[in-house]
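Q: If you scroll down you'll find the structure; I have some questions about it.
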Amino acid sequence: YDTQIERAVTTWRYEPVVRALMTMRGLARLNAATLAAELGDLHRFASPRQLMSYLGLVPSEDSTGDTRHQGGLTKMGNGIARRALIEAAWNYRSPARLGRGLLARQEGQPKAVTDAAWNAQTRLHHRYQHLTGALHKKSPVAAAALGRELCGFVWAIGRMVPPRPPQPAPAPSPKSVT
């Protein structure tokens, strides 16, 4: 499957976006391609909050008058992309580091993209430590919270590298009349 995904991505218009997303920890080829396929052009989202809402990564709310109660994630969005993000977020439990595989995926990417990926690693690891330590959240709850923040980094990186322009459809060949 990996070779087929790689072959399909190389000719795809979202290939630059997939390569940029692959600079992040937890977003190797499969998750990056999944996000690009499910989200499309990230320029259509004006803010990371819009993308988080699209994915169902916003807290539910029950408000009446002056009383406001926030609950768990709504999960009322694209479940495939949401799952890919939360799956990738589990990788941020470990301290920030650049392994050989990640360095290879970051090769040839703009400095702004690799800097954003590094900022994501440091911020999300510290956030996981804070949530599971001081706030005593369970690991799955912390991973969902990291998935929400990771969504913001995905939005930022996806907007740094635009997709290729769409290719015009091939002209129909003239048919001979017999």
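Letters A, B, ... go to the chains of the structure tokens in the order shown; residues in each chain start at 1; ligands are counted from 1 in the same order.
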Find the residues around A:Leu51 up to 10 Å (only C-alpha atoms counted), leave out those fewer than 2 positions away in its own chain, and share them as a list in words.
A: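 The contact residues come out as Leu39, Leu42, Arg44, Phe45, Ala46, Ser47, Pro48, Arg49, Ser53, Tyr54, Leu55, Gly56, Leu57, Val58, Gly77, Arg148, Cys151, Gly152, Val154 and Trp155 of chain A.
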Q: If DSSP is run on the backbone, what residues of stretch 22-178 of chain A are alpha helix (DSSP H)? A reply as a VMD selection string would be ideal.
A: chain A and resid 29 to 39 48 to 55 79 to 89 100 to 106 111 to 132 139 to 160
Q: Which one is closest to A:Thr34: A:Lys138, A:Arg100, A:Arg82, A:Lys75? Count only C-alpha atoms.
A: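 So, comparing all the options, the nearest one is A:Arg82.
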Q: Given only C-alpha atoms as the basis, pick out the residue of A:Met160, A:Val141, A:Ala134, A:Met24 nearest to A:Arg97.
A: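 Using only C-alpha atoms, the shortest distance to A:Arg97 belongs to A:Met24.
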Q: In terms of the shortest atom-to-atom distance over only C-alpha atoms, which of A:Arg93, A:Arg25, A:His43, A:Arg83 is closest to A:Ala120?
A: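 Selected residue with least distance to A:Ala120: A:Arg25.
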Q: Return the single residue from A:Leu98, A:Ala81, A:Ala143, A:Ala28 that is closest to A:Met52, with distances computed using only C-alpha atoms.
A: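 Closest to A:Met52 of all the choices is A:Ala81.
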Q: So which residues touch A:Thr132 within 12 Å, counting only C-alpha atoms, skipping near sequence neighbours fewer than 3 positions away, as a list in words?
A: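 After dropping sequence-adjacent residues, the list is Arg93, His125, His126, Arg127, Tyr128, Gln129, Leu135, His136, Lys137, Lys138, Ser139, Pro140, Val141, Ala142, Ala143, Ala145 and Leu146 of chain A.
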Q: Just to be explicit: take each residue in the selection above, keep C-alpha atoms, and write the result as a JSON list (two decimals), in the first residue's frame.
A:
[["chain", "number", "residue", "atom", "x", "y", "z"],
["A", 93, "ARG", "CA", 3.77, 12.11, 24.31],
["A", 125, "HIS", "CA", 4.75, 17.68, 24.13],
["A", 126, "HIS", "CA", 4.64, 20.33, 26.86],
["A", 127, "ARG", "CA", 0.86, 20.48, 26.53],
["A", 128, "TYR", "CA", 0.58, 16.69, 26.93],
["A", 129, "GLN", "CA", 2.81, 16.81, 30.03],
["A", 135, "LEU", "CA", -4.56, 18.70, 35.32],
["A", 136, "HIS", "CA", -4.78, 14.90, 35.83],
["A", 137, "LYS", "CA", -6.46, 14.22, 32.49],
["A", 138, "LYS", "CA", -6.55, 10.68, 31.14],
["A", 139, "SER", "CA", -4.28, 9.97, 28.18],
["A", 140, "PRO", "CA", -7.10, 9.62, 25.60],
["A", 141, "VAL", "CA", -8.57, 12.97, 26.66],
["A", 142, "ALA", "CA", -5.14, 14.58, 26.41],
["A", 143, "ALA", "CA", -4.59, 13.01, 22.96],
["A", 145, "ALA", "CA", -6.87, 17.89, 23.06],
["A", 146, "LEU", "CA", -3.52, 17.56, 21.28]]
Q: Identify, on the basis of only C-alpha atoms, every residue whose closest approach to A:Pro16 does not exceed 9 Å; exclude the query and any residue fewer than 3 positions from it along the same chain; express the result as a list in words.
A: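 Skipping anything fewer than 3 positions along the chain leaves Thr10, Trp12, Arg13, Arg19, Ala20, Leu21, Val161, Pro162, Pro163 and Arg164 of chain A.
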Q: Please write the residues from the selection above to a file, keeping all heavy atoms, as a PDB file, in the first residue's frame.
A:
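Below you can see selection-v9.pdb, which holds the result:
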ATOM      1  N   THR A  10       2.647  11.344  -5.974  1.00  0.00           N
ATOM      2  CA  THR A  10       3.609  12.079  -6.807  1.00  0.00           C
ATOM      3  C   THR A  10       2.957  12.815  -7.973  1.00  0.00           C
ATOM      4  O   THR A  10       3.457  13.846  -8.401  1.00  0.00           O
ATOM      5  CB  THR A  10       4.710  11.148  -7.355  1.00  0.00           C
ATOM      6  OG1 THR A  10       4.096  10.077  -8.053  1.00  0.00           O
ATOM      7  CG2 THR A  10       5.584  10.620  -6.238  1.00  0.00           C
ATOM      8  N   TRP A  12      -0.319  13.837  -7.910  1.00  0.00           N
ATOM      9  CA  TRP A  12      -1.497  14.504  -7.367  1.00  0.00           C
ATOM     10  C   TRP A  12      -1.242  15.988  -7.200  1.00  0.00           C
ATOM     11  O   TRP A  12      -0.136  16.412  -6.873  1.00  0.00           O
ATOM     12  CB  TRP A  12      -1.817  13.855  -6.033  1.00  0.00           C
ATOM     13  CG  TRP A  12      -3.129  14.151  -5.416  1.00  0.00           C
ATOM     14  CD1 TRP A  12      -4.285  14.525  -6.021  1.00  0.00           C
ATOM     15  CD2 TRP A  12      -3.422  14.074  -4.013  1.00  0.00           C
ATOM     16  NE1 TRP A  12      -5.284  14.676  -5.085  1.00  0.00           N
ATOM     17  CE2 TRP A  12      -4.770  14.394  -3.840  1.00  0.00           C
ATOM     18  CE3 TRP A  12      -2.673  13.749  -2.899  1.00  0.00           C
ATOM     19  CZ2 TRP A  12      -5.386  14.431  -2.614  1.00  0.00           C
ATOM     20  CZ3 TRP A  12      -3.275  13.760  -1.672  1.00  0.00           C
ATOM     21  CH2 TRP A  12      -4.633  14.099  -1.530  1.00  0.00           C
ATOM     22  N   ARG A  13      -2.259  16.802  -7.345  1.00  0.00           N
ATOM     23  CA  ARG A  13      -2.068  18.253  -7.207  1.00  0.00           C
ATOM     24  C   ARG A  13      -1.784  18.654  -5.764  1.00  0.00           C
ATOM     25  O   ARG A  13      -1.220  19.712  -5.525  1.00  0.00           O
ATOM     26  CB  ARG A  13      -3.253  19.029  -7.779  1.00  0.00           C
ATOM     27  CG  ARG A  13      -4.516  18.984  -6.952  1.00  0.00           C
ATOM     28  CD  ARG A  13      -5.604  19.829  -7.578  1.00  0.00           C
ATOM     29  NE  ARG A  13      -5.340  21.224  -7.350  1.00  0.00           N
ATOM     30  CZ  ARG A  13      -6.185  22.074  -6.811  1.00  0.00           C
ATOM     31  NH1 ARG A  13      -7.375  21.679  -6.463  1.00  0.00           N
ATOM     32  NH2 ARG A  13      -5.854  23.326  -6.634  1.00  0.00           N
ATOM     33  N   ARG A  19       3.710  16.603   1.254  1.00  0.00           N
ATOM     34  CA  ARG A  19       5.133  16.643   1.638  1.00  0.00           C
ATOM     35  C   ARG A  19       5.357  17.608   2.803  1.00  0.00           C
ATOM     36  O   ARG A  19       6.141  17.329   3.698  1.00  0.00           O
ATOM     37  CB  ARG A  19       5.994  17.065   0.454  1.00  0.00           C
ATOM     38  CG  ARG A  19       5.925  16.145  -0.717  1.00  0.00           C
ATOM     39  CD  ARG A  19       6.779  14.920  -0.555  1.00  0.00           C
ATOM     40  NE  ARG A  19       6.621  14.073  -1.724  1.00  0.00           N
ATOM     41  CZ  ARG A  19       6.404  12.785  -1.671  1.00  0.00           C
ATOM     42  NH1 ARG A  19       6.333  12.182  -0.511  1.00  0.00           N
ATOM     43  NH2 ARG A  19       6.255  12.082  -2.751  1.00  0.00           N
ATOM     44  N   ALA A  20       4.676  18.728   2.791  1.00  0.00           N
ATOM     45  CA  ALA A  20       4.823  19.686   3.889  1.00  0.00           C
ATOM     46  C   ALA A  20       4.258  19.124   5.191  1.00  0.00           C
ATOM     47  O   ALA A  20       4.857  19.283   6.258  1.00  0.00           O
ATOM     48  CB  ALA A  20       4.147  21.006   3.537  1.00  0.00           C
ATOM     49  N   LEU A  21       3.116  18.454   5.127  1.00  0.00           N
ATOM     50  CA  LEU A  21       2.523  17.857   6.331  1.00  0.00           C
ATOM     51  C   LEU A  21       3.393  16.724   6.866  1.00  0.00           C
ATOM     52  O   LEU A  21       3.411  16.468   8.076  1.00  0.00           O
ATOM     53  CB  LEU A  21       1.115  17.347   6.039  1.00  0.00           C
ATOM     54  CG  LEU A  21       0.059  18.419   5.764  1.00  0.00           C
ATOM     55  CD1 LEU A  21      -1.278  17.772   5.444  1.00  0.00           C
ATOM     56  CD2 LEU A  21      -0.073  19.376   6.935  1.00  0.00           C
ATOM     57  N   VAL A 161       2.163  26.126   1.986  1.00  0.00           N
ATOM     58  CA  VAL A 161       2.521  25.461   0.730  1.00  0.00           C
ATOM     59  C   VAL A 161       1.246  25.247  -0.073  1.00  0.00           C
ATOM     60  O   VAL A 161       0.454  24.370   0.249  1.00  0.00           O
ATOM     61  CB  VAL A 161       3.211  24.107   1.014  1.00  0.00           C
ATOM     62  CG1 VAL A 161       3.594  23.424  -0.275  1.00  0.00           C
ATOM     63  CG2 VAL A 161       4.414  24.303   1.908  1.00  0.00           C
ATOM     64  N   PRO A 162       1.030  26.031  -1.111  1.00  0.00           N
ATOM     65  CA  PRO A 162      -0.209  25.872  -1.887  1.00  0.00           C
ATOM     66  C   PRO A 162      -0.163  24.618  -2.764  1.00  0.00           C
ATOM     67  O   PRO A 162       0.910  24.176  -3.170  1.00  0.00           O
ATOM     68  CB  PRO A 162      -0.243  27.140  -2.754  1.00  0.00           C
ATOM     69  CG  PRO A 162       1.184  27.529  -2.899  1.00  0.00           C
ATOM     70  CD  PRO A 162       1.876  27.110  -1.628  1.00  0.00           C
ATOM     71  N   PRO A 163      -1.331  24.040  -3.053  1.00  0.00           N
ATOM     72  CA  PRO A 163      -1.357  22.899  -3.975  1.00  0.00           C
ATOM     73  C   PRO A 163      -1.034  23.362  -5.394  1.00  0.00           C
ATOM     74  O   PRO A 163      -1.064  24.561  -5.699  1.00  0.00           O
ATOM     75  CB  PRO A 163      -2.790  22.388  -3.870  1.00  0.00           C
ATOM     76  CG  PRO A 163      -3.579  23.520  -3.340  1.00  0.00           C
ATOM     77  CD  PRO A 163      -2.644  24.375  -2.535  1.00  0.00           C
ATOM     78  N   ARG A 164      -0.726  22.412  -6.238  1.00  0.00           N
ATOM     79  CA  ARG A 164      -0.482  22.748  -7.639  1.00  0.00           C
ATOM     80  C   ARG A 164      -1.791  23.213  -8.265  1.00  0.00           C
ATOM     81  O   ARG A 164      -2.865  22.796  -7.845  1.00  0.00           O
ATOM     82  CB  ARG A 164      -0.005  21.519  -8.395  1.00  0.00           C
ATOM     83  CG  ARG A 164       1.350  21.056  -8.007  1.00  0.00           C
ATOM     84  CD  ARG A 164       1.758  19.904  -8.934  1.00  0.00           C
ATOM     85  NE  ARG A 164       2.906  19.222  -8.401  1.00  0.00           N
ATOM     86  CZ  ARG A 164       2.986  17.919  -8.203  1.00  0.00           C
ATOM     87  NH1 ARG A 164       1.991  17.141  -8.545  1.00  0.00           N
ATOM     88  NH2 ARG A 164       4.056  17.378  -7.700  1.00  0.00           N
TER      89      ARG A 164
END
Q: Smallest atom-to-atom distance to A:Arg123: which of A:Leu102, A:Ala144, A:Ala89, A:Val18, using only C-alpha atoms?
A: A:Ala89
Q: To test your reading of the structure, identify every residue in stretch 57-135 of chain A that backbone DSSP assigns to strand (DSSP E), and report it as a PyMOL selection string.
A: chain A and resi 59-64+67-73
